[in-house]
Each structure stands twice: as C-alpha cells, then as structure tokens.
Amino acid sequence: MNGKKMKATYQGVTLCLFAFEGTKILVKEGKPVNEYFCMYTLDDASGMSFEKQVDAILDAESVLTSFIEELKAASPVFKRIYLSDAANQAPLIKGVLKNQPCAVSVVQQPPLNGSKFALWSYMMTGADTRLLAGNVSVSSYGGYDDIWLANSISTCDDSYSQAYDEFTNYASLLMKENCTMEANCIRTWLYVSDIDNRYAGVVKARNDVFDMEGLTDKTHYIASTGIGGAWEDPKVFCKMDALAVKGITRGQVHYLYALDHLNRTSDYGVRFERGTYVDYPDRRRVYISGTASIDNKGNVVFPGDIHSQTLRMWENIEALLKEADCTFDDVAMFSVYLRDVSDRQEVEKMFREKFPDTPYIILYAPVCRPGWLIESECIAVKSL
C-alpha cells in the first residue's frame, strides 16, 4: 500500500497532501496508524498583510481538515511555520502558537511564491500526542513514541557555543525520556543565520558532542539538514529541531550512503548521514538529509548552473531512495532551498513538471557551501 497524493483549495489557499494509510498491524487501540503530510501555501498573496495571510492559511487548515475525509480523525503531531521576516512577524503569531496542540517550529525562510507565511503540518490518526515543556511533543502509537523538538535556541556568544549548548541540552532531554542521541535520534534540522560564516562553528560543536555521545564513523551519525535560517532574536545564530523515536531497536534503523553518487560527509569534516530509514511492522519511513549537486568525491557539480544542479540533486536523492527500496512516488514532502531568489522560476517550473502532486515548498535559504545553488530534503513513506 503506497501513499495517496491529492490537492484541495479554500479561498486562495492550496493544500497539497500526501496520505499514507496504515494496516491493522501497527495500531493504537484497534485503529490503524495513518500519516498525513500537509503543505499549505497561498495562491496569490499580492496586497495581503501578514495578518491576513496568517488568517487565510489557518482558516483553510481548519476548514480543510474538517472537510477532507482522510483528515477528519487526524491530529497534528508537528508543524513548521515559514516566515519572511521573523523579527517583525514572530511576535505577531505568539497567540497562534499558544493554541497549538503540538510542537511548532518557526523559522525565517521566506517562501518564494511571494508570500510572507506558509505552513507544513504533519498529522496522524491512531496516535496520542501530548505537549511537553520546552516546545516538545510526544506522539505515542503501537509501542512507539515520536519525540519532536522545535525551536531549541541558546543565547551564548557564538555559533559554536550555541550549537554545543543546544546539542547537550537535547541529550539531557532524551535522557529524561530514557533515550539517547546515539540510539534514538533519527533526524535534526539546524537553521543557521549568516551560514557562510557561522556554519563551521555549528559543525565543530556537533562533532564534539557526537564524540561524547558515541557517534563515530564506526557506529553511525544522524540524518540532518544544516541550512540558512533565522530566528526573531538576531543574537540567536543557530536554531535546532529534532526527531527521536523511543521503542525502536537497532535492527530497525538503517543508513543510506549511495556511494556511487555521494561521499561520506565525514570525508570533509562534517558528520551526518545522507539518509536514514526506520522499519516498523507495516511501513518504512525514510528521511533524506539536505542533498545538493555533489559527486562521490565531495565536489560541487555544475557550478553556476541551476538547471543542471537541480537535475544532479534529484539524481542523488533518487539514488538514496533506491537504497531504501523507494522511488519518488513514495516521497511525502520536499523542502527546497535556494541561495539565489532569481532561480525560483526555473526551479518551480522543474518541480511542477516532475512532481505535480507531491507536497513541496521552495524557500530562500542559503546552502552551507556557496557553490551549491540548491539543496533539498525529503521524507518518504512506503508499505512493507
């Protein structure tokens, strides 16, 4: 059983949806565990204030989740809000965040469709979600707990100290849940302001914490995206989101390399996995890290050519998915990051033609190496 893709619109807002319906093998109180990846974007934000854009998308979310049959029984597990100007806009959505039943990530990564606001919502049926302190939500289903962390920040003096603080705090959080970073963390997202100058500090901090946590070349690392992004406070240089799963065993987690297309990230001093997948009784979840136009020697391929870089990026992602016995048909959502906003039209055309029904969003977010014009991450789900 594979996912179903569909679109719906409500008063100028489009919902692009990937729905994965589980079987009775993985259940919660007799109900199958279903997953829904929902991307909400404005069709035309011209002349709309920020407040009106927020209201339009939240209204559409409310109406469509109560109208679409597949979503009627689903509950939010994790959300990510994309802003065009966090310093001015984040304070305006404080009330919205207080009313959310799950962890909500907020990041300044302007949507490149001309809007100021966009929303990704991950929903499930057959799961009980509870919100913990510190913007953490835990969703329980079928013997597993998905632990989502959003907006982990620090006010230390530099990017190294902030990232180190965030990673060590995360390790402590997992310990309280009887988990460890090495055994249970599946995915991280690192949003770095002025990434060209601050990414090196974040990388060193992650490496140092991984050394302490027992994550090495001989064990494994964690799927990750390190990308440009800002927080409302300009003194915050790095923000972290993360996903851990409690209840998994080592045999359920597998790592993706595609060494004929990509090299190990540790070859150039960075430590993360190109992709990770987790097998459950009835499904496989695949998390592909931020992937760019790179070869298996670590070189940027097709410098300066956005069209060719996009094609090579797709080729690399496809190779990683193939190792997980997946195809692009199994992809539930893409996040697409551009360094140069003027490349949006070409990339939008390419994605629209290749993935007309797959949820995706194109954002302004510089990639960690200046030569990369584009990067994309994705999540895929397939039946076993």
# chains A, B, ... in the order shown; residues from 1 in each chain; ligands from 1
$ residues_around --residues "Asn99 in chain A" --least-positions-apart "5" --cutoff "12 Å" --atoms "only C-alpha atoms" --output "JSON, numbers by chain"
{"A": [58, 93, 94, 104, 131]}
$ residues_around --residues "range 288-299 of chain A" --least-positions-apart "5" --cutoff "10 Å" --atoms "only C-alpha atoms" --output "MDAnalysis selection string"
chainID A and resid 187:189 222:227 255:256 258:265 267:268 272:277 306 308:318 320:321 331 334:337 367:369 371:380
$ select_by_dssp --residues "range 138-307 of chain A" --states "strand (DSSP E or B)" --output "PyMOL selection string"
chain A and resi 138-141+144-152+185-192+223-228+230+238-246+253-256+273+275-279+283-292+294+300
$ closest_residue --among "A:Glu182, A:Asp85, A:Asp55, A:Glu232" --to "Gly214 in chain A" --atoms "only C-alpha atoms"
A:Glu182
$ closest_atom_pairs --of "range 94-163 of chain A" --to "range 193-208 of chain A" --cutoff "9 Å" --atoms "only C-alpha atoms" --output "CSV"
residue,atom,partner,partner_atom,distance
A:Asp158,CA,A:Gly201,CA,7.8
A:Ser159,CA,A:Gly201,CA,5.3
A:Tyr160,CA,A:Gly201,CA,4.1
A:Ser161,CA,A:Ala205,CA,7.2
A:Gln162,CA,A:Val202,CA,7.9
A:Ala163,CA,A:Val202,CA,5.4
$ write_last_selection --atoms "N, CA and C atoms" --output "short mmCIF file (atom, residue, chain, number, x, y, z; two decimals), in the first residue's frame"
data_model
loop_
_atom_site.label_atom_id
_atom_site.label_comp_id
_atom_site.auth_asym_id
_atom_site.auth_seq_id
_atom_site.Cartn_x
_atom_site.Cartn_y
_atom_site.Cartn_z
N ASP A 158 28.53 32.78 20.59
CA ASP A 158 28.93 32.48 19.21
C ASP A 158 28.22 31.22 18.74
N SER A 159 28.36 30.90 17.46
CA SER A 159 27.61 29.78 16.89
C SER A 159 28.08 28.45 17.47
N TYR A 160 29.38 28.32 17.74
CA TYR A 160 29.87 27.07 18.36
C TYR A 160 29.21 26.87 19.72
N SER A 161 29.25 27.87 20.56
CA SER A 161 28.71 27.74 21.92
C SER A 161 27.20 27.51 21.90
N GLN A 162 26.51 28.18 21.00
CA GLN A 162 25.06 27.99 20.91
C GLN A 162 24.72 26.57 20.48
N ALA A 163 25.37 26.08 19.43
CA ALA A 163 25.08 24.73 18.95
C ALA A 163 25.47 23.69 19.99
#
$ residues_around --residues "Met181 in chain A" --least-positions-apart "2" --cutoff "12 Å" --atoms "only C-alpha atoms" --output "count of residues only"
37
$ residues_around --residues "Gly3 in chain A" --least-positions-apart "4" --cutoff "7 Å" --atoms "only C-alpha atoms" --output "list in words"
Phe18, Ala19, Phe20, Glu21, Asp330 and Lys382 of chain A
$ write_last_selection --atoms "all heavy atoms" --output "compact mmCIF listing (two decimals), in the first residue's frame"
# COMPACT_ATOMS: atom_id res chain seq x y z
N PHE A 18 -0.10 14.45 1.14
CA PHE A 18 0.30 13.06 0.97
C PHE A 18 -0.28 12.28 2.13
O PHE A 18 -0.01 12.59 3.30
CB PHE A 18 1.83 12.92 0.96
CG PHE A 18 2.33 11.51 0.80
CD1 PHE A 18 2.72 11.03 -0.44
CD2 PHE A 18 2.44 10.65 1.90
CE1 PHE A 18 3.20 9.73 -0.58
CE2 PHE A 18 2.91 9.35 1.76
CZ PHE A 18 3.30 8.90 0.52
N ALA A 19 -1.11 11.28 1.82
CA ALA A 19 -1.78 10.49 2.86
C ALA A 19 -1.29 9.05 2.79
O ALA A 19 -1.40 8.40 1.74
CB ALA A 19 -3.30 10.55 2.66
N PHE A 20 -0.77 8.56 3.90
CA PHE A 20 -0.36 7.16 4.00
C PHE A 20 -1.29 6.46 4.98
O PHE A 20 -1.34 6.84 6.16
CB PHE A 20 1.08 7.01 4.46
CG PHE A 20 1.51 5.58 4.62
CD1 PHE A 20 2.03 4.88 3.54
CD2 PHE A 20 1.38 4.92 5.83
CE1 PHE A 20 2.40 3.55 3.67
CE2 PHE A 20 1.75 3.59 5.97
CZ PHE A 20 2.26 2.90 4.89
N GLU A 21 -2.02 5.49 4.50
CA GLU A 21 -2.95 4.76 5.34
C GLU A 21 -2.34 3.43 5.72
O GLU A 21 -2.00 2.61 4.86
CB GLU A 21 -4.28 4.57 4.61
CG GLU A 21 -4.96 5.89 4.30
CD GLU A 21 -6.30 5.73 3.60
OE1 GLU A 21 -6.62 4.60 3.21
OE2 GLU A 21 -7.01 6.74 3.45
N ASP A 330 7.12 7.52 -3.56
CA ASP A 330 6.93 7.35 -2.11
C ASP A 330 7.22 8.61 -1.32
O ASP A 330 7.04 8.62 -0.10
CB ASP A 330 7.85 6.22 -1.61
CG ASP A 330 7.58 4.90 -2.31
OD1 ASP A 330 6.42 4.47 -2.31
OD2 ASP A 330 8.54 4.32 -2.87
N LYS A 382 6.58 4.17 2.78
CA LYS A 382 6.07 3.10 1.93
C LYS A 382 5.67 1.92 2.80
O LYS A 382 6.13 1.76 3.94
CB LYS A 382 7.10 2.66 0.90
CG LYS A 382 8.33 1.98 1.48
CD LYS A 382 9.15 1.29 0.41
CE LYS A 382 8.43 0.08 -0.13
NZ LYS A 382 9.25 -0.67 -1.13
$ closest_atom_pairs --of "range 173-285 of chain A" --to "range 109-125 of chain A" --cutoff "8 Å" --atoms "only C-alpha atoms" --output "tab-separated table"
residue	atom	partner	partner_atom	distance
A:Gly228	CA	A:Gln109	CA	7.7
A:Gly229	CA	A:Gln109	CA	5.6
A:Ala230	CA	A:Gln109	CA	7.2
